$ cat entry34.txt   # compact mmCIF, C-alpha atoms
# COMPACT_ATOMS: atom_id res chain seq x y z
CA MET A 23 -47.27 46.79 6.33
CA ASN A 24 -47.03 44.59 3.22
CA ILE A 25 -46.25 41.06 4.46
CA LYS A 26 -43.75 40.29 1.74
CA LYS A 27 -41.92 43.54 2.41
CA ALA A 28 -41.81 42.67 6.11
CA MET A 29 -40.33 39.29 5.25
CA GLU A 30 -37.68 40.83 3.04
CA GLU A 31 -36.73 43.29 5.78
CA MET A 32 -36.53 40.44 8.30
CA SER A 33 -34.33 38.47 5.90
CA GLU A 34 -31.98 41.43 5.54
CA GLU A 35 -31.48 41.44 9.31
CA ILE A 36 -31.03 37.67 9.54
CA ALA A 37 -28.52 37.75 6.67
CA LYS A 38 -26.23 39.92 8.79
CA LEU A 39 -25.74 37.12 11.32
CA THR A 40 -22.57 35.02 11.23
CA GLY A 41 -22.90 31.65 9.56
CA VAL A 42 -26.13 32.28 7.62
CA SER A 43 -25.66 30.79 4.15
CA ALA A 44 -29.12 31.34 2.65
CA ILE A 45 -32.71 32.28 3.46
CA THR A 46 -35.83 31.17 1.63
CA MET A 47 -39.59 31.53 1.87
CA SER A 48 -41.32 28.19 1.59
CA GLY A 49 -44.85 26.83 1.97
CA SER A 50 -47.99 28.18 0.33
CA ARG A 51 -46.79 31.79 0.26
CA ALA A 52 -43.96 30.66 -1.99
CA ASN A 53 -46.09 28.68 -4.44
CA GLY A 54 -48.94 31.18 -4.62
CA ALA A 55 -51.55 29.09 -2.77
CA ASN A 56 -51.80 31.48 0.16
CA HIS A 57 -54.58 33.66 1.47
CA LEU A 58 -54.53 36.59 3.88
CA SER A 59 -54.27 34.46 7.02
CA THR A 60 -51.69 32.01 5.64
CA ASP A 61 -48.65 31.45 7.84
CA MET A 62 -45.23 32.56 6.68
CA ASP A 63 -42.50 29.91 6.51
CA ILE A 64 -38.90 31.11 6.55
CA ALA A 65 -36.00 28.65 6.23
CA ILE A 66 -32.57 29.69 7.49
CA TYR A 67 -29.77 27.65 5.95
CA TYR A 68 -26.75 27.86 8.20
CA ASP A 69 -23.15 26.67 8.07
CA LYS A 70 -22.11 25.15 11.38
CA THR A 71 -18.46 25.46 10.37
CA LYS A 72 -18.81 29.25 10.29
CA GLU A 73 -19.91 29.78 13.89
CA PHE A 74 -23.64 30.15 13.40
CA ASN A 75 -25.01 31.07 16.84
CA VAL A 76 -28.66 30.53 17.75
CA GLU A 77 -28.41 33.08 20.54
CA ASP A 78 -27.66 35.82 18.01
CA LEU A 79 -30.80 34.85 16.12
CA ASN A 80 -32.78 34.60 19.34
CA ASN A 81 -32.26 38.27 20.09
CA LEU A 82 -33.43 39.22 16.60
CA VAL A 83 -36.47 36.91 16.66
CA SER A 84 -37.58 38.27 20.01
CA SER A 85 -37.38 41.84 18.74
CA LEU A 86 -39.38 40.98 15.60
CA ASP A 87 -42.13 39.10 17.46
CA ASP A 88 -45.28 41.17 18.06
CA ASN A 89 -45.32 39.88 21.65
CA GLN A 90 -41.54 40.17 22.10
CA SER A 91 -41.54 36.66 23.57
CA ALA A 92 -40.58 34.21 20.79
CA VAL A 93 -37.66 31.88 21.51
CA CYS A 94 -35.70 29.69 19.11
CA THR A 95 -34.97 26.04 19.82
CA SER A 96 -31.43 24.79 19.96
CA LEU A 97 -30.02 23.21 16.80
CA ASN A 98 -31.39 19.69 16.16
CA GLU A 99 -33.87 19.96 19.05
CA TRP A 100 -36.65 18.69 16.74
CA GLY A 101 -34.47 15.89 15.34
CA ALA A 102 -31.31 15.54 13.30
CA LEU A 103 -33.07 16.28 10.00
CA MET A 104 -36.10 18.31 10.96
CA ASN A 105 -33.70 20.37 13.12
CA GLY A 106 -35.43 23.24 14.94
CA GLY A 107 -36.66 26.80 14.70
CA ALA A 108 -39.14 29.21 16.22
CA ASN A 109 -42.75 30.34 15.99
CA LEU A 110 -43.56 34.02 16.20
CA THR A 111 -46.06 36.61 15.04
CA ILE A 112 -45.03 39.48 12.75
CA HIS A 113 -47.59 42.19 12.06
CA GLY A 114 -50.32 39.77 13.07
CA VAL A 115 -49.14 36.97 10.78
CA ASN A 116 -48.05 33.62 12.24
CA THR A 117 -44.48 33.03 11.14
CA ALA A 118 -42.49 29.80 11.34
CA ILE A 119 -38.71 29.89 11.19
CA ILE A 120 -36.99 26.59 10.49
CA PHE A 121 -33.30 25.76 10.69
CA ARG A 122 -31.59 23.87 7.89
CA ASP A 123 -27.97 22.70 8.05
CA ILE A 124 -26.76 23.58 4.54
CA HIS A 125 -24.32 20.65 4.45
CA LYS A 126 -27.03 18.13 5.40
CA VAL A 127 -29.30 19.61 2.74
CA VAL A 128 -26.65 19.41 0.02
CA ASP A 129 -25.78 15.82 1.01
CA GLY A 130 -29.46 14.90 1.21
CA ILE A 131 -30.32 16.25 -2.24
CA THR A 132 -27.26 14.55 -3.74
CA ALA A 133 -28.43 11.23 -2.27
CA ASN A 134 -32.03 11.81 -3.40
CA LEU A 135 -30.92 12.28 -7.00
CA GLN A 136 -29.45 8.78 -6.81
CA GLY A 137 -32.64 7.31 -5.37
CA GLU A 138 -31.40 7.22 -1.78
CA LYS A 139 -33.01 8.70 1.32
CA ASN A 140 -32.23 9.18 4.98
CA GLU A 141 -34.84 9.19 7.70
CA ASP A 142 -35.13 10.45 11.25
CA ARG A 143 -37.58 8.50 13.40
CA ASN A 144 -36.91 10.70 16.42
CA ALA A 145 -38.32 13.83 14.80
CA LYS A 146 -40.90 15.99 16.55
CA PRO A 147 -43.83 15.75 16.10
CA SER A 148 -43.78 11.95 16.11
CA TYR A 149 -43.57 11.04 12.45
CA VAL A 150 -40.72 9.81 10.31
CA TYR A 151 -38.93 12.76 8.73
CA LEU A 152 -37.19 12.07 5.43
CA ASP A 153 -34.47 14.24 3.93
CA VAL A 154 -36.55 13.99 0.74
CA LEU A 155 -38.63 16.76 2.30
CA TYR A 156 -35.66 19.06 1.70
CA LEU A 157 -36.17 18.46 -2.00
CA GLY A 158 -39.83 19.43 -1.72
CA GLU A 159 -39.02 22.60 0.19
CA LEU A 160 -36.41 23.66 -2.34
CA ALA A 161 -38.62 22.92 -5.32
CA ILE A 162 -41.26 25.47 -4.31
CA CYS A 163 -39.24 27.97 -2.28
CA GLU A 164 -38.60 31.61 -3.13
CA ILE A 165 -35.02 32.67 -2.58
CA LEU A 166 -34.62 35.68 -0.31
CA TYR A 167 -30.86 35.51 0.31
CA ASP A 168 -28.36 33.25 -1.42
CA PRO A 169 -24.93 34.91 -1.79
CA TYR A 170 -23.09 31.61 -2.43
CA GLN A 171 -25.83 30.35 -4.81
CA TYR A 172 -26.26 27.15 -2.79
CA ILE A 173 -30.04 27.22 -3.17
CA TYR A 174 -29.99 28.35 -6.79
CA GLN A 175 -27.68 25.50 -7.79
CA LEU A 176 -29.72 22.92 -5.88
CA LYS A 177 -32.94 24.13 -7.51
CA GLN A 178 -31.32 23.71 -10.92
CA LYS A 179 -30.55 20.08 -10.11
CA ILE A 180 -34.14 19.20 -9.21
CA THR A 181 -35.93 20.79 -12.16
CA HIS A 182 -37.04 17.30 -13.16
CA TYR A 183 -38.32 14.74 -10.67
CA PRO A 184 -35.54 12.13 -10.23
CA GLU A 185 -36.69 8.77 -11.63
CA GLN A 186 -34.59 6.75 -9.19
CA LEU A 187 -36.13 8.64 -6.29
CA HIS A 188 -39.61 8.08 -7.74
CA GLN A 189 -39.13 4.31 -7.66
CA ALA A 190 -37.57 4.33 -4.20
CA LEU A 191 -40.43 6.33 -2.68
CA ILE A 192 -43.07 4.19 -4.38
CA GLU A 193 -41.59 1.15 -2.65
CA TYR A 194 -41.11 2.97 0.67
CA TYR A 195 -44.60 4.44 1.02
CA THR A 196 -46.33 1.35 -0.36
CA PHE A 197 -44.68 -0.69 2.37
CA GLU A 198 -45.30 1.90 5.12
CA ALA A 199 -49.01 2.24 4.28
CA SER A 200 -49.68 -1.48 3.91
CA TYR A 201 -47.70 -2.41 7.03
CA SER A 202 -49.51 0.14 9.17
CA PHE A 203 -52.86 -1.12 7.87
CA MET A 204 -51.86 -4.74 8.52
CA ILE A 205 -51.09 -3.97 12.17
CA ILE A 206 -54.57 -2.66 12.80
CA SER A 207 -56.65 -4.75 10.38
CA HIS A 208 -56.97 -7.66 12.82
CA ARG A 209 -57.50 -5.44 15.85
CA ILE A 210 -60.50 -3.32 14.92
CA ASP A 211 -62.43 -4.57 17.95
CA THR A 212 -59.82 -3.40 20.42
CA GLU A 213 -60.97 -1.09 23.20
CA ASP A 214 -57.94 1.13 22.60
CA ASP A 215 -59.44 3.79 20.34
CA CYS A 216 -56.19 5.76 20.26
CA PHE A 217 -54.32 2.72 18.94
CA VAL A 218 -56.83 2.26 16.15
CA ALA A 219 -56.92 5.94 15.24
CA SER A 220 -53.12 6.30 15.19
CA HIS A 221 -52.68 3.51 12.65
CA VAL A 222 -55.57 4.66 10.49
CA LEU A 223 -54.06 8.15 10.36
CA ARG A 224 -50.61 6.77 9.60
CA THR A 225 -52.00 4.65 6.78
CA ILE A 226 -53.75 7.69 5.29
CA ARG A 227 -50.67 9.87 5.68
CA CYS A 228 -48.54 7.30 3.85
CA MET A 229 -51.18 6.97 1.13
CA ASN A 230 -51.08 10.74 0.70
CA GLN A 231 -47.33 10.67 0.21
CA LEU A 232 -47.64 7.70 -2.12
CA LEU A 233 -50.08 9.66 -4.28
CA PHE A 234 -47.75 12.67 -4.27
CA THR A 235 -45.01 10.36 -5.53
CA ILE A 236 -47.20 8.66 -8.14
CA ASN A 237 -47.95 12.10 -9.57
CA ARG A 238 -44.28 13.09 -9.34
CA ALA A 239 -45.06 15.89 -6.93
CA CYS A 240 -42.38 16.82 -4.43
CA CYS A 241 -42.74 15.09 -1.10
CA ILE A 242 -43.67 17.60 1.59
CA HIS A 243 -45.82 17.49 4.72
CA LYS A 244 -48.82 19.57 3.70
CA TYR A 245 -51.62 20.60 6.01
CA ASN A 246 -54.02 20.38 3.05
CA ALA A 247 -52.55 17.20 1.57
CA VAL A 248 -55.87 15.51 0.82
CA GLN A 249 -57.25 18.62 -0.89
CA SER A 250 -54.06 18.90 -2.95
CA ILE A 251 -54.41 15.31 -4.13
CA GLU A 252 -57.89 16.06 -5.45
CA VAL A 253 -56.39 18.08 -8.32
CA TYR A 254 -54.06 15.29 -9.47
CA SER A 255 -54.93 13.36 -12.60
CA THR A 256 -53.86 10.04 -11.07
CA ARG A 257 -55.76 9.23 -7.87
CA PRO A 258 -58.60 7.03 -6.64
CA ASP A 259 -62.03 8.46 -7.48
CA ASN A 260 -63.48 10.73 -4.78
CA TYR A 261 -60.31 10.34 -2.70
CA GLY A 262 -60.98 13.22 -0.33
CA GLU A 263 -64.59 12.21 0.30
CA LYS A 264 -63.55 8.63 1.05
CA VAL A 265 -60.82 9.74 3.46
CA ASN A 266 -63.28 11.94 5.34
CA ASP A 267 -65.80 9.08 5.56
CA ILE A 268 -63.12 6.75 6.94
CA LEU A 269 -62.10 9.25 9.60
CA GLN A 270 -65.73 9.84 10.53
CA SER A 271 -66.26 6.10 11.01
CA LEU A 272 -63.73 6.09 13.87
CA VAL A 273 -65.86 8.25 16.16
CA THR A 274 -69.18 6.43 15.92
CA THR A 275 -70.06 2.75 16.52
CA ARG A 276 -67.94 -0.38 16.33
CA LYS A 277 -70.02 -1.45 13.35
CA SER A 278 -69.19 1.83 11.67
CA ARG A 279 -65.53 1.33 12.47
CA ALA A 280 -65.53 -2.08 10.74
CA LYS A 281 -67.14 -0.50 7.69
CA GLY A 282 -64.54 2.26 7.75
CA MET A 283 -61.69 -0.27 7.91
CA GLN A 284 -63.10 -2.04 4.86
CA ALA A 285 -63.27 1.30 3.06
CA LEU A 286 -59.66 2.01 4.05
CA HIS A 287 -58.63 -1.41 2.72
CA ASP A 288 -60.34 -0.70 -0.60
CA LEU A 289 -58.84 2.78 -0.87
CA LEU A 290 -55.36 1.46 -0.08
CA SER A 291 -55.76 -1.28 -2.69
CA SER A 292 -56.80 1.29 -5.32
CA THR A 293 -53.80 3.45 -4.48
CA GLU A 294 -51.40 0.50 -4.65
CA GLU A 295 -52.80 -0.44 -8.06
CA LEU A 296 -52.04 3.06 -9.31
CA ALA A 297 -48.51 2.80 -7.90
CA ALA A 298 -47.94 -0.45 -9.79
CA VAL A 299 -48.81 1.05 -13.18

$ encode --input "entry34.txt" --output "structure tokens"
Amino acid sequence: MNIKKAMEEMSEEIAKLTGVSAITMSGSRANGANHLSTDMDIAIYYDKTKEFNVEDLNNLVSSLDDNQSAVCTSLNEWGALMNGGANLTIHGVNTAIIFRDIHKVVDGITANLQGEKNEDRNAKPSYVYLDVLYLGELAICEILYDPYQYIYQLKQKITHYPEQLHQALIEYYTFEASYSFMIISHRIDTEDDCFVASHVLRTIRCMNQLLFTINRACCIHKYNAVQSIEVYSTRPDNYGEKVNDILQSLVTTRKSRAKGMQALHDLLSSTEELAAV
């Protein structure tokens, strides 16, 4: 079966459930960067004031799953902003369903347009989740169901990258990246390899988001973030190659690790210089 047709049929069934305000397709299938094995990402925007019931969705998700075994999380199980969802397989394609509280999304986008952001440090997996990610999702999503035009109206508001948000995220990610690097820069000889690796990865992740912001690209958690940055006009030279070399340095000798930390310092400095322009 055609995957897009399967998605549309699934959306028609989900739309029948009480409290569903909108449904979108997000991720690479929405922006055209997909290939045959690319996962499907479906966002269900619900209205908690209209008796949205996860159990109703659970029954539908289980019936759609190739293995008839998928189960949805409860609302907010992954954090107040990241929320929850389910992972299933439809006609052999991995499919992620995510829950979005429509009121939190509307409030979040309204705040973002004024340069404000909210964060959830209890999100799963263990990274800080910003409501700015809602903006990124909406910017690239394809609308599958939107009877109240919530999503359409929000997309109209974010046609242009908000300048106030640009400045706020520059400051936020510059601090996050530099602070994480500072924590580890004087501890490269520690025996705790996990400690070192966690802060190196956090520094790189924050640099990635800083480069997204510098290029006025919507802030989203992308599995291929480094590859995406390679196409931007404003970035450190050979960014992807340097990131890979830094990560490789962590799994060899202590001498190599020290060299990798110096390379990370230099790459962070180059990124911060671009942010200051």

$ residues_near_point --input "entry34.txt" --point "(-40.3, 18.0, 1.4)" --cutoff "10 Å" --atoms "all atoms listed in the file" --output "list in words"
Gly49, Tyr151, Leu152, Asp153, Val154, Leu155, Tyr156, Leu157, Gly158, Glu159, Leu160, Ala161, Ile162, Ala239, Cys240, Cys241, Ile242, His243 and Lys244 of chain A

$ residues_around --input "entry34.txt" --residues "Ala65 in chain A" --least-positions-apart "2" --cutoff "6 Å" --atoms "all atoms listed in the file" --output "list in words"
Ile45, Thr46, Ile119, Ile120 and Phe121 of chain A

$ closest_residue --input "entry34.txt" --among "A:Arg143, A:Arg224, A:His125, A:Glu295" --to "Ile206 in chain A" --atoms "only C-alpha atoms"
A:Arg224

$ residues_around --input "entry34.txt" --residues "Gly101 in chain A" --least-positions-apart "3" --cutoff "9 Å" --atoms "only C-alpha atoms" --output "PyMOL selection string"
chain A and resi 97-98+104-106+142-146+151

$ closest_residue --input "entry34.txt" --among "A:Gln136, A:Cys228, A:Phe203, A:Asn237" --to "Leu187 in chain A" --atoms "all atoms listed in the file"
A:Gln136

$ closest_residue --input "entry34.txt" --among "A:Lys126, A:Lys139, A:Lys26, A:Arg227" --to "Ala190 in chain A" --atoms "only C-alpha atoms"
A:Lys139

$ closest_atom_pairs --input "entry34.txt" --of "range 113-171 of chain A" --to "range 83-89 of chain A" --cutoff "12 Å" --atoms "only C-alpha atoms" --output "CSV"
residue,atom,partner,partner_atom,distance
A:His113,CA,A:Asp88,CA,6.5
A:Gly114,CA,A:Asp88,CA,7.2
A:Val115,CA,A:Asp88,CA,9.2
A:Asn116,CA,A:Asp87,CA,9.6
A:Thr117,CA,A:Asp87,CA,9.1
A:Ala118,CA,A:Val83,CA,10.7
A:Ile119,CA,A:Val83,CA,9.2

$ closest_residue --input "entry34.txt" --among "A:Asp259, A:Leu39, A:Gly282, A:Ala298" --to "Glu73 in chain A" --atoms "only C-alpha atoms"
A:Leu39

$ residues_around --input "entry34.txt" --residues "range 266-277 of chain A" --least-positions-apart "6" --cutoff "9 Å" --atoms "all atoms listed in the file" --output "PyMOL selection string"
chain A and resi 210-211+215+218-219+222-223+283+285-286

$ closest_residue --input "entry34.txt" --among "A:Ser200, A:Ile124, A:Ile192, A:His221" --to "Leu176 in chain A" --atoms "only C-alpha atoms"
A:Ile124

$ closest_residue --input "entry34.txt" --among "A:Lys179, A:Arg257, A:His188, A:Lys72" --to "Arg238 in chain A" --atoms "only C-alpha atoms"
A:His188

$ residues_around --input "entry34.txt" --residues "Leu233 in chain A" --least-positions-apart "3" --cutoff "8 Å" --atoms "all atoms listed in the file" --output "mmCIF file with C-alpha atoms, keeping the file's coordinate frame"
data_model
loop_
_atom_site.group_PDB
_atom_site.id
_atom_site.type_symbol
_atom_site.label_atom_id
_atom_site.label_comp_id
_atom_site.auth_asym_id
_atom_site.auth_seq_id
_atom_site.Cartn_x
_atom_site.Cartn_y
_atom_site.Cartn_z
ATOM 1 C CA MET A 229 -51.180 6.970 1.130
ATOM 2 C CA ASN A 230 -51.080 10.740 0.700
ATOM 3 C CA ILE A 236 -47.200 8.660 -8.140
ATOM 4 C CA ASN A 237 -47.950 12.100 -9.570
ATOM 5 C CA ILE A 251 -54.410 15.310 -4.130
ATOM 6 C CA THR A 256 -53.860 10.040 -11.070
ATOM 7 C CA ARG A 257 -55.760 9.230 -7.870
ATOM 8 C CA THR A 293 -53.800 3.450 -4.480
ATOM 9 C CA ALA A 297 -48.510 2.800 -7.900
#

$ atom_distance --input "entry34.txt" --atom1 "CA of Leu110 in chain A" --atom2 "CA of Val248 in chain A"
27.0 Å

$ atom_distance --input "entry34.txt" --atom1 "CA of Tyr170 in chain A" --atom2 "CA of Val42 in chain A"
10.5 Å

$ atom_distance --input "entry34.txt" --atom1 "CA of Tyr167 in chain A" --atom2 "CA of Asp129 in chain A"
20.3 Å

$ residues_near_point --input "entry34.txt" --point "(-40.1, 28.9, -3.0)" --cutoff "6 Å" --atoms "only C-alpha atoms" --output "list of chain:residue names"
A:Met47, A:Ser48, A:Ala52, A:Ile162, A:Cys163, A:Glu164

$ axis_aligned_box --input "entry34.txt" --around "range 173-192 of chain A" --padding-each-side "4 Å" --output "AutoDock Vina command-line options"
--center_x -35.4 --center_y 16.3 --center_z -7.9 --size_x 23.4 --size_y 32.2 --size_z 18.5
